[in-house]
file data.csv (CSV, C-alpha atoms)
chain,number,residue,atom,x,y,z
A,1,MET,CA,56.1,-71.9,-20.3
A,2,ALA,CA,53.3,-69.4,-20.4
A,3,PHE,CA,52.3,-70.3,-16.8
A,4,GLY,CA,55.9,-69.6,-15.7
A,5,TRP,CA,55.8,-66.2,-17.4
A,6,PHE,CA,52.5,-65.3,-15.7
A,7,ARG,CA,53.9,-66.4,-12.3
A,8,SER,CA,57.0,-64.4,-12.7
A,9,LYS,CA,55.0,-61.4,-13.8
A,10,ASP,CA,52.8,-61.7,-10.7
A,11,ALA,CA,56.0,-62.0,-8.5
A,12,ARG,CA,57.4,-58.9,-10.2
A,13,ASP,CA,54.1,-57.0,-9.6
A,14,ARG,CA,54.2,-57.9,-5.9
A,15,SER,CA,57.8,-56.9,-5.5
A,16,ARG,CA,57.1,-53.6,-7.1
A,17,LEU,CA,54.1,-53.0,-4.8
A,18,ILE,CA,56.2,-54.0,-1.7
A,19,LYS,CA,59.0,-51.6,-2.7
A,20,LYS,CA,56.5,-48.8,-3.1
A,21,ASP,CA,54.7,-49.6,0.1
A,22,ARG,CA,58.0,-49.6,2.0
A,23,GLU,CA,58.8,-46.2,0.6
A,24,GLN,CA,55.4,-44.5,1.0
A,25,LEU,CA,53.5,-46.3,3.7
A,26,GLU,CA,55.7,-48.4,6.1
A,27,ALA,CA,57.0,-45.7,8.4
A,28,ARG,CA,53.7,-44.0,8.7
A,29,ALA,CA,51.8,-47.3,9.5
A,30,ARG,CA,54.4,-48.3,12.0
A,31,HIS,CA,54.2,-45.0,13.7
A,32,PHE,CA,50.3,-45.2,13.8
A,33,LEU,CA,50.3,-48.7,15.2
A,34,LYS,CA,52.9,-47.9,17.9
A,35,SER,CA,50.9,-44.8,18.9
A,36,TYR,CA,47.8,-47.0,19.1
A,37,LEU,CA,49.5,-49.5,21.4
A,38,LYS,CA,50.6,-46.7,23.7
A,39,ALA,CA,47.2,-45.0,23.9
A,40,ASP,CA,44.8,-45.4,26.8
A,41,GLU,CA,41.2,-46.6,26.3
A,42,ASN,CA,39.9,-43.1,25.3
A,43,GLY,CA,42.8,-42.7,23.0
A,44,LYS,CA,42.2,-46.1,21.4
A,45,ALA,CA,38.6,-45.1,20.8
A,46,GLN,CA,39.9,-42.2,18.7
A,47,PHE,CA,42.0,-44.6,16.6
A,48,TYR,CA,38.9,-46.8,16.0
A,49,ARG,CA,36.8,-43.8,14.9
A,50,VAL,CA,39.5,-42.5,12.5
A,51,VAL,CA,40.2,-45.9,11.0
A,52,GLU,CA,36.5,-46.6,10.4
A,53,ASP,CA,36.0,-43.3,8.7
A,54,VAL,CA,39.1,-43.8,6.6
A,55,VAL,CA,38.0,-47.3,5.6
A,56,LEU,CA,34.5,-46.0,4.5
A,57,LYS,CA,36.1,-43.2,2.5
A,58,CYS,CA,38.5,-45.6,0.8
A,59,GLN,CA,35.8,-48.1,-0.1
A,60,ALA,CA,33.6,-45.3,-1.5
A,61,ASP,CA,36.5,-43.9,-3.5
A,62,ALA,CA,37.3,-47.4,-4.8
A,63,GLY,CA,33.7,-48.1,-5.6
A,64,VAL,CA,33.6,-51.2,-3.4
A,65,GLY,CA,31.5,-49.9,-0.6
A,66,GLN,CA,28.4,-51.9,-1.5
A,67,PRO,CA,28.3,-55.7,-1.3
A,68,SER,CA,29.3,-57.1,-4.7
A,69,THR,CA,29.5,-60.5,-6.1
A,70,GLU,CA,31.3,-59.3,-9.3
A,71,LEU,CA,34.6,-58.5,-7.7
A,72,GLU,CA,36.9,-61.1,-6.1
A,73,ASP,CA,38.3,-60.4,-2.6
A,74,GLU,CA,41.8,-59.7,-4.0
A,75,GLN,CA,40.4,-57.1,-6.4
A,76,VAL,CA,38.4,-55.4,-3.6
A,77,ALA,CA,41.4,-55.4,-1.4
A,78,ARG,CA,43.8,-54.0,-4.0
A,79,ALA,CA,41.3,-51.3,-5.1
A,80,THR,CA,40.7,-50.2,-1.5
A,81,SER,CA,44.5,-50.1,-0.8
A,82,ALA,CA,45.0,-48.1,-4.0
A,83,ALA,CA,42.3,-45.6,-3.0
A,84,ALA,CA,43.9,-45.2,0.4
A,85,LEU,CA,47.3,-44.5,-1.2
A,86,LYS,CA,45.7,-42.0,-3.6
A,87,ILE,CA,44.1,-40.0,-0.8
A,88,LEU,CA,47.3,-40.2,1.3
A,89,LEU,CA,49.4,-38.7,-1.5
A,90,ALA,CA,46.8,-35.9,-2.0
A,91,GLN,CA,46.8,-35.2,1.8
A,92,GLU,CA,50.6,-35.4,2.3
A,93,ASN,CA,51.1,-31.9,0.9
A,94,ASN,CA,48.5,-30.4,3.2
A,95,GLU,CA,49.7,-31.7,6.5
A,96,ALA,CA,49.3,-28.5,8.5
A,97,ASN,CA,49.1,-29.9,11.9
A,98,SER,CA,49.6,-33.1,14.0
A,99,ASN,CA,45.9,-34.1,13.5
A,100,ALA,CA,46.4,-34.1,9.7
A,101,THR,CA,49.5,-36.2,10.1
A,102,PHE,CA,47.5,-38.6,12.4
A,103,ILE,CA,44.8,-39.0,9.7
A,104,THR,CA,47.4,-39.4,6.9
A,105,ASP,CA,49.1,-42.2,9.0
A,106,ALA,CA,45.7,-43.8,9.3
A,107,TYR,CA,45.4,-43.9,5.5
A,108,ALA,CA,48.9,-45.6,5.3
A,109,THR,CA,47.7,-48.2,7.9
A,110,VAL,CA,44.5,-48.9,5.9
A,111,ALA,CA,46.5,-49.2,2.6
A,112,ILE,CA,48.9,-51.7,4.2
A,113,ALA,CA,46.0,-53.7,5.8
A,114,TYR,CA,44.3,-54.2,2.5
A,115,HIS,CA,47.5,-55.1,0.6
A,116,ARG,CA,48.0,-57.7,3.4
A,117,ALA,CA,44.5,-59.0,2.8
A,118,ALA,CA,45.2,-59.1,-1.0
A,119,GLY,CA,48.2,-61.4,-0.3
A,120,VAL,CA,50.7,-58.9,-1.6
A,121,TYR,CA,53.1,-59.4,1.3
A,122,SER,CA,53.0,-63.2,1.4
A,123,GLN,CA,56.7,-63.5,0.5
A,124,ASP,CA,57.9,-60.6,2.7
A,125,LYS,CA,57.8,-61.5,6.4
A,126,PRO,CA,58.3,-58.0,8.0
A,127,MET,CA,55.6,-56.5,5.8
A,128,GLN,CA,53.4,-59.5,6.3
A,129,GLU,CA,53.7,-59.0,10.1
A,130,LEU,CA,53.0,-55.2,9.8
A,131,GLY,CA,50.0,-56.0,7.6
A,132,THR,CA,48.7,-58.5,10.1
A,133,ALA,CA,48.9,-55.9,12.9
A,134,ALA,CA,47.1,-53.4,10.6
A,135,VAL,CA,44.3,-55.9,9.8
A,136,HIS,CA,43.9,-56.6,13.5
A,137,LEU,CA,43.4,-52.9,14.2
A,138,LEU,CA,40.9,-52.5,11.4
A,139,THR,CA,38.9,-55.5,12.5
A,140,MET,CA,38.9,-54.1,16.1
A,141,ALA,CA,37.5,-50.8,14.8
A,142,THR,CA,34.5,-52.5,13.2
A,143,PRO,CA,32.6,-53.6,16.3
A,144,TYR,CA,33.4,-50.3,17.9
A,145,ALA,CA,31.9,-48.5,14.9
A,146,ARG,CA,28.9,-50.8,15.0
A,147,GLN,CA,28.3,-50.0,18.7
A,148,ARG,CA,28.6,-46.3,17.9
A,149,SER,CA,25.9,-46.5,15.2
A,150,ASP,CA,23.6,-48.6,17.4
A,151,SER,CA,23.7,-46.1,20.3
B,1,MET,CA,42.7,-79.6,17.7
B,2,THR,CA,41.4,-78.1,14.4
B,3,TYR,CA,39.8,-74.7,13.8
B,4,THR,CA,37.2,-74.2,11.2
B,5,ILE,CA,36.5,-70.7,9.7
B,6,HIS,CA,33.0,-70.3,8.5
B,7,ALA,CA,32.4,-67.2,6.3
B,8,SER,CA,29.4,-65.9,4.4
B,9,LYS,CA,28.8,-63.0,2.1
B,10,ASN,CA,26.2,-62.3,-0.6
B,11,ASP,CA,24.7,-65.8,-0.4
B,12,GLN,CA,28.1,-67.4,-0.7
B,13,THR,CA,29.6,-69.5,2.1
B,14,ARG,CA,33.2,-70.6,2.6
B,15,VAL,CA,34.5,-73.1,5.1
B,16,THR,CA,38.3,-73.4,5.7
B,17,VAL,CA,40.1,-75.6,8.2
B,18,ARG,CA,43.3,-74.7,10.0
B,19,ILE,CA,45.4,-76.6,12.5
B,20,ASN,CA,47.2,-73.6,13.9
B,21,PRO,CA,44.7,-71.3,15.9
B,22,ALA,CA,46.8,-68.2,15.2
B,23,THR,CA,46.6,-68.9,11.5
B,24,ALA,CA,42.8,-69.5,11.8
B,25,ILE,CA,42.3,-66.2,13.5
B,26,ASP,CA,44.4,-64.4,11.0
B,27,LYS,CA,42.4,-65.9,8.1
B,28,ALA,CA,39.2,-65.0,9.8
B,29,ARG,CA,40.3,-61.4,10.4
B,30,VAL,CA,41.3,-61.0,6.7
B,31,LEU,CA,37.9,-62.4,5.6
B,32,GLU,CA,36.1,-60.1,8.1
B,33,LEU,CA,38.0,-57.1,6.7
B,34,LEU,CA,36.8,-58.1,3.2
B,35,GLY,CA,33.2,-57.9,4.3
B,36,TRP,CA,32.6,-61.5,5.2
B,37,GLN,CA,30.5,-62.5,8.2
B,38,VAL,CA,32.9,-64.9,10.0
B,39,HIS,CA,33.0,-67.2,13.0
B,40,VAL,CA,35.4,-69.9,14.1
B,41,THR,CA,34.6,-73.2,15.7
B,42,ASP,CA,37.1,-75.6,17.2
B,43,SER,CA,36.9,-79.4,17.1
B,44,SER,CA,35.5,-79.4,20.7
B,45,GLY,CA,32.5,-77.5,19.4
B,46,HIS,CA,33.3,-74.1,20.9
B,47,LEU,CA,32.2,-71.1,18.8
B,48,PHE,CA,34.2,-67.9,18.5
B,49,THR,CA,32.8,-64.7,17.0
B,50,PRO,CA,35.2,-61.9,16.0
B,51,LEU,CA,34.6,-60.4,19.5
B,52,ASP,CA,36.0,-63.6,20.9
B,53,PHE,CA,39.1,-63.8,18.8
B,54,ASP,CA,41.3,-62.1,21.4
B,55,ARG,CA,40.0,-64.5,24.0
B,56,LEU,CA,40.8,-67.4,21.7
B,57,SER,CA,44.3,-66.0,21.1
B,58,SER,CA,45.0,-65.7,24.8
B,59,VAL,CA,43.7,-69.2,25.5
B,60,VAL,CA,46.1,-70.5,22.9
B,61,CYS,CA,49.0,-68.5,24.4
B,62,GLU,CA,48.2,-69.9,27.9
B,63,THR,CA,48.0,-73.5,26.8
B,64,GLY,CA,50.6,-73.3,24.0
call {"tool": "encode", "arguments": {"input": "data.csv", "output": "structure tokens"}}
result
Amino acid sequence: MAFGWFRSKDARDRSRLIKKDREQLEARARHFLKSYLKADENGKAQFYRVVEDVVLKCQADAGVGQPSTELEDEQVARATSAAALKILLAQENNEANSNATFITDAYATVAIAYHRAAGVYSQDKPMQELGTAAVHLLTMATPYARQRSDS
Amino acid sequence: MTYTIHASKNDQTRVTVRINPATAIDKARVLELLGWQVHVTDSSGHLFTPLDFDRLSSVVCETG
């Protein structure tokens, strides 16, 4: 009985997050990922740079930047996604130019990637697919950033 | 063919096996995003680092 209650609470929690993400993040992340696919090699490099910077800022804001054994993966992912959403909402009101919009869209993509990693979209196929694409982009940005810091 | 995802972080290790290569890559990418060092091996003994995941995907698409 109690287990069923916890499971339904968890399902309700996920549904609430998905609804919020659809409203606040989905359009921006789709736009960002489509623009990435259309970009040439130089353009793609700009996406990697921005994504890597955004991830580092979100991890710092969430307090998960340093390796930790205390937090579970899901907690780390949810905290990073929440930090991305918080920064996005703060930035949304100050989008003075297309570059600001580009960066805000990057925050939406990062927020979706980490909710995908937390398993939030496991029961929602379109959001799961969008999240998978976002995770793919973020993991492609990592070796690029590593190369940059080595050179 | 099976695909084994090897992940390590903070002296912890995790080994997960998947039959579907796309699912294996997906799992490996999520772990990588969460700060794990990952690589994938297949049952023939090939090793794929994150830089090879696209190559593994394309091999799967060609042979699938």
call {"tool": "residues_around", "arguments": {"input": "data.csv", "residues": "segment 29-40 of chain A", "least_positions_apart": "2", "cutoff": "8 Å", "atoms": "all atoms listed in the file", "output": "list in words"}}
result
Leu25, Glu26, Ala27, Asn42, Gly43, Lys44, Phe47, Phe102, Asp105, Ala106, Ala108, Thr109, Ile112, Leu130, Ala133 and Ala134 of chain A
call {"tool": "residues_around", "arguments": {"input": "data.csv", "residues": "Thr16 of chain B", "least_positions_apart": "4", "cutoff": "12 Å", "atoms": "all atoms listed in the file", "output": "PyMOL selection string"}}
result
chain B and resi 2-8+23-25+27-28+31+38-42
call {"tool": "closest_atom_pairs", "arguments": {"input": "data.csv", "of": "chain A", "to": "chain B", "cutoff": "12 Å", "atoms": "all atoms listed in the file", "output": "Markdown table"}}
result
| residue | atom | partner | partner_atom | distance |
| --- | --- | --- | --- | --- |
| A:Glu52 | CA | B:Leu33 | CA | 11.2 |
| A:Val55 | CA | B:Leu33 | CA | 9.9 |
| A:Leu56 | CA | B:Leu33 | CA | 11.8 |
| A:Gln59 | CA | B:Leu34 | CA | 10.6 |
| A:Val64 | CA | B:Leu34 | CA | 10.1 |
| A:Gly65 | CA | B:Gly35 | CA | 9.5 |
| A:Gln66 | CA | B:Gly35 | CA | 9.6 |
| A:Pro67 | CA | B:Asn10 | CA | 7.0 |
| A:Ser68 | CA | B:Asn10 | CA | 7.3 |
| A:Thr69 | CA | B:Asn10 | CA | 6.7 |
| A:Glu70 | CA | B:Asn10 | CA | 10.5 |
| A:Leu71 | CA | B:Leu34 | CA | 11.1 |
| A:Glu72 | CA | B:Leu34 | CA | 9.8 |
| A:Asp73 | CA | B:Leu34 | CA | 6.4 |
| A:Glu74 | CA | B:Leu34 | CA | 8.9 |
| A:Gln75 | CA | B:Leu34 | CA | 10.3 |
| A:Val76 | CA | B:Leu34 | CA | 7.5 |
| A:Ala77 | CA | B:Leu34 | CA | 7.0 |
| A:Arg78 | CA | B:Leu34 | CA | 10.8 |
| A:Ala79 | CA | B:Leu34 | CA | 11.6 |
| A:Thr80 | CA | B:Leu34 | CA | 10.0 |
| A:Ser81 | CA | B:Leu34 | CA | 11.8 |
| A:Val110 | CA | B:Leu33 | CA | 10.5 |
| A:Ala113 | CA | B:Val30 | CA | 8.7 |
| A:Tyr114 | CA | B:Leu33 | CA | 8.1 |
| A:His115 | CA | B:Val30 | CA | 10.5 |
| A:Arg116 | CA | B:Val30 | CA | 8.2 |
| A:Ala117 | CA | B:Val30 | CA | 5.4 |
| A:Ala118 | CA | B:Val30 | CA | 8.8 |
| A:Gly119 | CA | B:Val30 | CA | 9.8 |
| A:Gln128 | CA | B:Asp26 | CA | 11.3 |
| A:Glu129 | CA | B:Asp26 | CA | 10.8 |
| A:Gly131 | CA | B:Val30 | CA | 10.1 |
| A:Thr132 | CA | B:Asp26 | CA | 7.4 |
| A:Ala133 | CA | B:Asp26 | CA | 9.8 |
| A:Ala134 | CA | B:Val30 | CA | 10.3 |
| A:Val135 | CA | B:Val30 | CA | 6.7 |
| A:His136 | CA | B:Arg29 | CA | 6.8 |
| A:Leu137 | CA | B:Arg29 | CA | 9.8 |
| A:Leu138 | CA | B:Leu33 | CA | 7.2 |
| A:Thr139 | CA | B:Leu33 | CA | 6.1 |
| A:Met140 | CA | B:Leu51 | CA | 8.4 |
| A:Ala141 | CA | B:Leu33 | CA | 10.3 |
| A:Thr142 | CA | B:Leu33 | CA | 8.7 |
| A:Pro143 | CA | B:Leu51 | CA | 7.8 |
| A:Tyr144 | CA | B:Leu51 | CA | 10.3 |
call {"tool": "atom_distance", "arguments": {"input": "data.csv", "atom1": "atom CA of Asp53 of chain A", "atom2": "atom CA of Ser58 of chain B"}}
result
29.0 Å
call {"tool": "atom_distance", "arguments": {"input": "data.csv", "atom1": "atom CA of Gln37 of chain B", "atom2": "atom CA of Asp52 of chain B"}}
result
13.9 Å
call {"tool": "atom_distance", "arguments": {"input": "data.csv", "atom1": "atom CA of Ala111 of chain A", "atom2": "atom CA of Ala84 of chain A"}}
result
5.3 Å
call {"tool": "residues_around", "arguments": {"input": "data.csv", "residues": "Ser15 of chain A", "least_positions_apart": "6", "cutoff": "10 Å", "atoms": "all atoms listed in the file", "output": "ChimeraX atom specification"}}
result
/A:9,21,120-121,123-124
call {"tool": "residues_near_point", "arguments": {"input": "data.csv", "point": "(48.2, -36.6, -0.1)", "cutoff": "12 Å", "atoms": "only C-alpha atoms", "output": "VMD selection string"}}
result
chain A and resid 24 to 25 83 to 96 100 to 101 103 to 105 107 to 108
call {"tool": "write_last_selection", "arguments": {"input": "data.csv", "atoms": "C-alpha atoms", "output": "mmCIF file, in the coordinates of the input"}}
result
data_model
loop_
_atom_site.group_PDB
_atom_site.id
_atom_site.type_symbol
_atom_site.label_atom_id
_atom_site.label_comp_id
_atom_site.auth_asym_id
_atom_site.auth_seq_id
_atom_site.Cartn_x
_atom_site.Cartn_y
_atom_site.Cartn_z
ATOM 1 C CA GLN A 24 55.400 -44.500 1.000
ATOM 2 C CA LEU A 25 53.500 -46.300 3.700
ATOM 3 C CA ALA A 83 42.300 -45.600 -3.000
ATOM 4 C CA ALA A 84 43.900 -45.200 0.400
ATOM 5 C CA LEU A 85 47.300 -44.500 -1.200
ATOM 6 C CA LYS A 86 45.700 -42.000 -3.600
ATOM 7 C CA ILE A 87 44.100 -40.000 -0.800
ATOM 8 C CA LEU A 88 47.300 -40.200 1.300
ATOM 9 C CA LEU A 89 49.400 -38.700 -1.500
ATOM 10 C CA ALA A 90 46.800 -35.900 -2.000
ATOM 11 C CA GLN A 91 46.800 -35.200 1.800
ATOM 12 C CA GLU A 92 50.600 -35.400 2.300
ATOM 13 C CA ASN A 93 51.100 -31.900 0.900
ATOM 14 C CA ASN A 94 48.500 -30.400 3.200
ATOM 15 C CA GLU A 95 49.700 -31.700 6.500
ATOM 16 C CA ALA A 96 49.300 -28.500 8.500
ATOM 17 C CA ALA A 100 46.400 -34.100 9.700
ATOM 18 C CA THR A 101 49.500 -36.200 10.100
ATOM 19 C CA ILE A 103 44.800 -39.000 9.700
ATOM 20 C CA THR A 104 47.400 -39.400 6.900
ATOM 21 C CA ASP A 105 49.100 -42.200 9.000
ATOM 22 C CA TYR A 107 45.400 -43.900 5.500
ATOM 23 C CA ALA A 108 48.900 -45.600 5.300
#
call {"tool": "closest_residue", "arguments": {"input": "data.csv", "among": "B:Ser43, B:Met1, B:Leu56, B:Thr49", "to": "Ala22 of chain B", "atoms": "all atoms listed in the file"}}
result
B:Leu56
call {"tool": "build_atoms", "arguments": {"input": "data.csv", "residues": "segment 25-50 of chain A", "atoms": "N, CA and C atoms", "output": "mmCIF file, in the coordinates of the input"}}
result
data_model
loop_
_atom_site.group_PDB
_atom_site.id
_atom_site.type_symbol
_atom_site.label_atom_id
_atom_site.label_comp_id
_atom_site.auth_asym_id
_atom_site.auth_seq_id
_atom_site.Cartn_x
_atom_site.Cartn_y
_atom_site.Cartn_z
ATOM 1 N N LEU A 25 54.510 -46.021 2.695
ATOM 2 C CA LEU A 25 53.500 -46.300 3.700
ATOM 3 C C LEU A 25 54.112 -46.884 5.045
ATOM 4 N N GLU A 26 55.210 -47.633 4.948
ATOM 5 C CA GLU A 26 55.700 -48.400 6.100
ATOM 6 C C GLU A 26 55.910 -47.561 7.355
ATOM 7 N N ALA A 27 56.690 -46.499 7.219
ATOM 8 C CA ALA A 27 57.000 -45.700 8.400
ATOM 9 C C ALA A 27 55.792 -45.092 9.044
ATOM 10 N N ARG A 28 54.892 -44.604 8.208
ATOM 11 C CA ARG A 28 53.700 -44.000 8.700
ATOM 12 C C ARG A 28 52.804 -45.048 9.461
ATOM 13 N N ALA A 29 52.663 -46.227 8.857
ATOM 14 C CA ALA A 29 51.800 -47.300 9.500
ATOM 15 C C ALA A 29 52.451 -47.745 10.787
ATOM 16 N N ARG A 30 53.769 -47.920 10.800
ATOM 17 C CA ARG A 30 54.400 -48.300 12.000
ATOM 18 C C ARG A 30 54.210 -47.302 13.148
ATOM 19 N N HIS A 31 54.342 -46.040 12.779
ATOM 20 C CA HIS A 31 54.200 -45.000 13.700
ATOM 21 C C HIS A 31 52.715 -44.982 14.289
ATOM 22 N N PHE A 32 51.754 -45.164 13.392
ATOM 23 C CA PHE A 32 50.300 -45.200 13.800
ATOM 24 C C PHE A 32 50.051 -46.346 14.723
ATOM 25 N N LEU A 33 50.563 -47.525 14.378
ATOM 26 C CA LEU A 33 50.300 -48.700 15.200
ATOM 27 C C LEU A 33 50.981 -48.620 16.559
ATOM 28 N N LYS A 34 52.199 -48.071 16.583
ATOM 29 C CA LYS A 34 52.900 -47.900 17.900
ATOM 30 C C LYS A 34 52.147 -46.921 18.758
ATOM 31 N N SER A 35 51.666 -45.837 18.153
ATOM 32 C CA SER A 35 50.900 -44.800 18.900
ATOM 33 C C SER A 35 49.629 -45.464 19.471
ATOM 34 N N TYR A 36 49.000 -46.306 18.666
ATOM 35 C CA TYR A 36 47.800 -47.000 19.100
ATOM 36 C C TYR A 36 48.062 -47.854 20.341
ATOM 37 N N LEU A 37 49.165 -48.595 20.287
ATOM 38 C CA LEU A 37 49.500 -49.500 21.400
ATOM 39 C C LEU A 37 49.763 -48.704 22.690
ATOM 40 N N LYS A 38 50.311 -47.498 22.540
ATOM 41 C CA LYS A 38 50.600 -46.700 23.700
ATOM 42 C C LYS A 38 49.403 -45.954 24.275
ATOM 43 N N ALA A 39 48.341 -45.850 23.471
ATOM 44 C CA ALA A 39 47.200 -45.000 23.900
ATOM 45 C C ALA A 39 46.371 -45.706 24.983
ATOM 46 N N ASP A 40 45.722 -44.876 25.811
ATOM 47 C CA ASP A 40 44.800 -45.400 26.800
ATOM 48 C C ASP A 40 43.460 -45.731 26.154
ATOM 49 N N GLU A 41 42.482 -46.158 26.933
ATOM 50 C CA GLU A 41 41.200 -46.600 26.300
ATOM 51 C C GLU A 41 40.524 -45.482 25.538
ATOM 52 N N ASN A 42 40.518 -44.251 26.076
ATOM 53 C CA ASN A 42 39.900 -43.100 25.300
ATOM 54 C C ASN A 42 40.680 -42.851 24.052
ATOM 55 N N GLY A 43 41.993 -42.922 24.155
ATOM 56 C CA GLY A 43 42.800 -42.700 23.000
ATOM 57 C C GLY A 43 42.591 -43.765 21.924
ATOM 58 N N LYS A 44 42.451 -45.004 22.360
ATOM 59 C CA LYS A 44 42.200 -46.100 21.400
ATOM 60 C C LYS A 44 40.882 -45.890 20.667
ATOM 61 N N ALA A 45 39.893 -45.379 21.393
ATOM 62 C CA ALA A 45 38.600 -45.100 20.800
ATOM 63 C C ALA A 45 38.743 -44.122 19.607
ATOM 64 N N GLN A 46 39.636 -43.157 19.784
ATOM 65 C CA GLN A 46 39.900 -42.200 18.700
ATOM 66 C C GLN A 46 40.491 -42.878 17.477
ATOM 67 N N PHE A 47 41.389 -43.821 17.720
ATOM 68 C CA PHE A 47 42.000 -44.600 16.600
ATOM 69 C C PHE A 47 40.885 -45.353 15.861
ATOM 70 N N TYR A 48 39.976 -45.987 16.612
ATOM 71 C CA TYR A 48 38.900 -46.800 16.000
ATOM 72 C C TYR A 48 38.030 -45.881 15.096
ATOM 73 N N ARG A 49 37.680 -44.703 15.644
ATOM 74 C CA ARG A 49 36.800 -43.800 14.900
ATOM 75 C C ARG A 49 37.484 -43.362 13.581
ATOM 76 N N VAL A 50 38.750 -42.968 13.695
ATOM 77 C CA VAL A 50 39.500 -42.500 12.500
ATOM 78 C C VAL A 50 39.611 -43.615 11.479
#
